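Q: Hey, dropping data19.txt in here, compact mmCIF, C-alpha atoms:
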```txt
# COMPACT_ATOMS: atom_id res chain seq x y z
CA MET G 1 -15.96 1.36 14.65
CA ALA G 2 -13.36 3.47 12.84
CA ILE G 3 -13.64 3.65 9.08
CA ASN G 4 -10.00 2.69 8.57
CA ASP G 5 -10.12 -0.22 11.01
CA ASN G 6 -9.98 -3.10 8.51
CA LYS G 7 -9.53 -5.72 11.21
CA SER G 8 -12.85 -4.73 12.79
CA LEU G 9 -14.50 -4.72 9.39
CA SER G 10 -13.08 -8.16 8.75
CA LEU G 11 -14.44 -9.45 12.05
CA TRP G 12 -17.75 -7.72 11.47
CA HIS G 13 -18.10 -9.45 8.11
CA LYS G 14 -16.68 -12.65 9.61
CA THR G 15 -14.22 -12.85 6.70
CA PRO G 16 -10.60 -13.47 7.67
CA ILE G 17 -7.90 -11.33 6.10
CA ASN G 18 -5.88 -13.44 3.68
CA MET G 19 -2.50 -12.92 2.01
CA GLU G 20 -4.11 -11.14 -0.95
CA ASP G 21 -5.10 -8.37 1.46
CA VAL G 22 -1.53 -7.67 2.60
CA ASN G 23 -0.91 -3.98 2.29
CA ARG G 24 1.24 -2.84 -0.61
CA ILE G 25 3.36 -0.77 1.79
CA LYS G 26 4.78 -3.98 3.23
CA MET G 27 5.50 -5.40 -0.22
CA VAL G 28 7.22 -2.22 -1.43
CA LEU G 29 9.29 -2.01 1.75
CA VAL G 30 10.57 -5.54 1.03
CA GLU G 31 11.20 -4.74 -2.64
CA LYS G 32 13.16 -1.60 -1.65
CA LYS G 33 15.05 -3.47 1.11
CA ARG G 34 13.72 -1.11 3.78
CA THR G 35 12.22 -1.90 7.16
CA SER G 36 9.07 -0.69 8.83
CA LYS G 37 11.31 0.73 11.57
CA TRP G 38 13.17 2.81 8.95
CA LEU G 39 9.87 4.08 7.53
CA ALA G 40 8.60 4.98 11.01
CA GLU G 41 11.79 6.95 11.71
CA GLN G 42 11.55 8.80 8.39
CA LEU G 43 7.92 9.73 9.02
CA GLY G 44 8.36 10.49 12.72
CA VAL G 45 5.69 7.97 13.74
CA ASN G 46 5.66 5.08 16.16
CA PRO G 47 6.87 1.78 14.61
CA SER G 48 3.64 0.16 15.76
CA THR G 49 1.75 2.58 13.50
CA VAL G 50 3.67 1.38 10.44
CA SER G 51 3.14 -2.20 11.57
CA LYS G 52 -0.61 -1.58 11.62
CA TRP G 53 -0.44 -0.20 8.08
CA CYS G 54 1.51 -3.25 6.91
CA THR G 55 -1.02 -5.67 8.39
CA ASN G 56 -4.11 -3.70 7.29
CA THR G 57 -5.15 -3.04 10.87
CA SER G 58 -5.33 0.63 9.88
CA GLN G 59 -4.36 2.75 6.89
CA PRO G 60 -2.36 5.97 6.50
CA ASP G 61 -4.15 9.03 5.17
CA VAL G 62 -3.52 10.25 1.63
CA ALA G 63 -0.98 12.91 2.69
CA CYS G 64 1.01 10.24 4.51
CA LEU G 65 0.78 7.88 1.52
CA LEU G 66 2.30 10.64 -0.62
CA LYS G 67 5.19 10.98 1.84
CA ILE G 68 5.68 7.20 1.88
CA ALA G 69 5.72 7.10 -1.93
CA ASP G 70 8.36 9.85 -1.97
CA LEU G 71 10.50 8.11 0.64
CA LEU G 72 10.32 4.79 -1.19
CA GLU G 73 10.76 6.49 -4.58
CA VAL G 74 7.65 4.93 -6.09
CA ASP G 75 4.49 6.20 -7.73
CA ILE G 76 1.67 6.40 -5.17
CA LYS G 77 -0.29 3.99 -7.40
CA GLU G 78 2.23 1.32 -6.49
CA LEU G 79 1.05 1.63 -2.88
CA LEU G 80 -2.60 1.46 -3.86
CA VAL G 81 -2.93 -1.00 -6.73
CA ARG G 82 -2.60 -4.64 -5.69
CA GLU G 83 -1.29 -5.88 -9.03
CA TYR G 84 0.80 -2.83 -9.94
CA LYS G 85 2.91 -4.54 -12.60
CA SER G 86 -0.22 -5.86 -14.31
CA TYR G 87 -1.68 -2.37 -14.06
CA LEU G 88 1.40 -0.88 -15.77
CA LEU G 89 1.25 -3.46 -18.54
CA SER G 90 -2.42 -2.79 -19.18
CA GLN G 91 -1.77 0.96 -19.27
CA GLU G 92 1.08 0.44 -21.74
CA SER G 93 -1.13 -1.82 -23.85
CA ASN G 94 -3.89 0.81 -23.85
CA ASN G 95 -1.40 3.47 -24.97
CA VAL G 96 -0.17 1.30 -27.84
CA MET G 97 -3.73 0.55 -28.94
CA ALA G 98 -4.63 4.27 -28.84
CA LYS G 99 -1.63 5.08 -31.05
CA LEU G 100 -2.68 2.43 -33.58
CA LYS G 101 -6.16 3.90 -33.99
```
Just give me the structure as structure tokens.
A:
Amino acid sequence: MAINDNKSLSLWHKTPINMEDVNRIKMVLVEKKRTSKWLAEQLGVNPSTVSKWCTNTSQPDVACLLKIADLLEVDIKELLVREYKSYLLSQESNNVMAKLK
């Protein structure tokens, strides 16, 4: 079993993938009004590869994630952190608290 084969892991653990596990790449593509076909063309990969990333069947490597972040004009953390907006708010809150100390 491949390490990045989340579908196999899901079947192995007998836990179905739910909507919370949808890859952030898919969400950011929607937010940026881009398609998986567009992303595949930009990266020079097969559209089915991007589809697998968007459904968590497999994952891109870190170098590819950096390229995706650049293409979508987002911080790579936005592709990795499920609740990115909450993450940003907590970071901002931590910065404010540090300044108050």
Q: In Å to one decimal, how far is CA of Asn95 (chain G) from CA of Ile68 (chain G)?
A: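 Computed distance, CA of Ile68 (chain G) to CA of Asn95 (chain G), equals 28.0 Å.
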Q: Enter the distance from CA of Asn94 (chain G) to CA of Leu66 (chain G), in Å, rounded to one decimal.
A: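 So the two atoms, CA of Asn94 (chain G) and CA of Leu66 (chain G), lie 26.0 Å apart.
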Q: Tell me, in Å to one decimal, how far CA of Leu43 (chain G) is from CA of Val62 (chain G).
A: 13.6 Å
Q: Could you give me, as a ChimeraX atom specification, the residues within 10 Å of Val28 (chain G), counting all atoms listed in the file and dropping anything in the same chain fewer than 6 positions from it?
A: /G:34-35,69,72-74,78-79
Q: Residues within 9 Å of Ser48 (chain G), please, as a PyMOL selection string. Count all atoms listed in the file; anything in the same chain fewer than 5 positions from it doesn't count.
A: chain G and resi 36-37+40+53
Q: Considering only C-alpha atoms, state which residue in the set G:Ala98, G:Lys52, G:Val45, G:Val81 is at the smallest distance from Cys64 (chain G).
A: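 For Cys64 (chain G), the nearest of the given residues is G:Val45.
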Q: Of the candidates G:Leu39, G:Met97, G:Ile25, G:Val30, which shows the shortest atom-to-atom distance to Asp75 (chain G), using all atoms listed in the file?
A: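 Using all atoms listed in the file, Asp75 (chain G) sits closest to G:Ile25.
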Q: Restore N, CA and C atoms in region 39-57 of chain G and list the result as a short mmCIF file (atom, residue, chain, number, x, y, z; two decimals), in the coordinates of the input.
A:
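Below is the file that was written, out.cif:
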```cif
data_model
loop_
_atom_site.label_atom_id
_atom_site.label_comp_id
_atom_site.auth_asym_id
_atom_site.auth_seq_id
_atom_site.Cartn_x
_atom_site.Cartn_y
_atom_site.Cartn_z
N LEU G 39 10.97 3.24 8.00
CA LEU G 39 9.87 4.08 7.53
C LEU G 39 9.30 4.91 8.68
N ALA G 40 9.12 4.27 9.84
CA ALA G 40 8.60 4.98 11.01
C ALA G 40 9.53 6.14 11.40
N GLU G 41 10.83 5.89 11.37
CA GLU G 41 11.79 6.95 11.71
C GLU G 41 11.72 8.09 10.71
N GLN G 42 11.62 7.77 9.43
CA GLN G 42 11.55 8.80 8.39
C GLN G 42 10.30 9.66 8.51
N LEU G 43 9.20 9.03 8.91
CA LEU G 43 7.92 9.73 9.02
C LEU G 43 7.70 10.36 10.39
N GLY G 44 8.53 9.98 11.36
CA GLY G 44 8.36 10.49 12.72
C GLY G 44 7.13 9.92 13.41
N VAL G 45 6.83 8.64 13.11
CA VAL G 45 5.69 7.97 13.74
C VAL G 45 6.19 6.76 14.52
N ASN G 46 5.34 6.25 15.37
CA ASN G 46 5.66 5.08 16.16
C ASN G 46 5.76 3.86 15.24
N PRO G 47 6.76 3.00 15.44
CA PRO G 47 6.87 1.78 14.61
C PRO G 47 5.61 0.93 14.62
N SER G 48 4.87 0.96 15.72
CA SER G 48 3.64 0.16 15.76
C SER G 48 2.59 0.70 14.78
N THR G 49 2.66 1.99 14.48
CA THR G 49 1.75 2.58 13.50
C THR G 49 2.02 2.01 12.12
N VAL G 50 3.30 1.95 11.74
CA VAL G 50 3.67 1.38 10.44
C VAL G 50 3.30 -0.09 10.40
N SER G 51 3.51 -0.79 11.50
CA SER G 51 3.14 -2.20 11.57
C SER G 51 1.65 -2.39 11.31
N LYS G 52 0.84 -1.51 11.85
CA LYS G 52 -0.61 -1.58 11.62
C LYS G 52 -0.95 -1.35 10.16
N TRP G 53 -0.21 -0.44 9.52
CA TRP G 53 -0.44 -0.20 8.08
C TRP G 53 -0.08 -1.44 7.28
N CYS G 54 1.01 -2.09 7.66
CA CYS G 54 1.51 -3.25 6.91
C CYS G 54 0.64 -4.49 7.10
N THR G 55 -0.14 -4.52 8.14
CA THR G 55 -1.02 -5.67 8.39
C THR G 55 -2.49 -5.34 8.14
N ASN G 56 -2.75 -4.15 7.58
CA ASN G 56 -4.11 -3.70 7.29
C ASN G 56 -4.99 -3.55 8.52
N THR G 57 -4.37 -3.34 9.67
CA THR G 57 -5.15 -3.04 10.87
C THR G 57 -5.69 -1.63 10.78
#
```
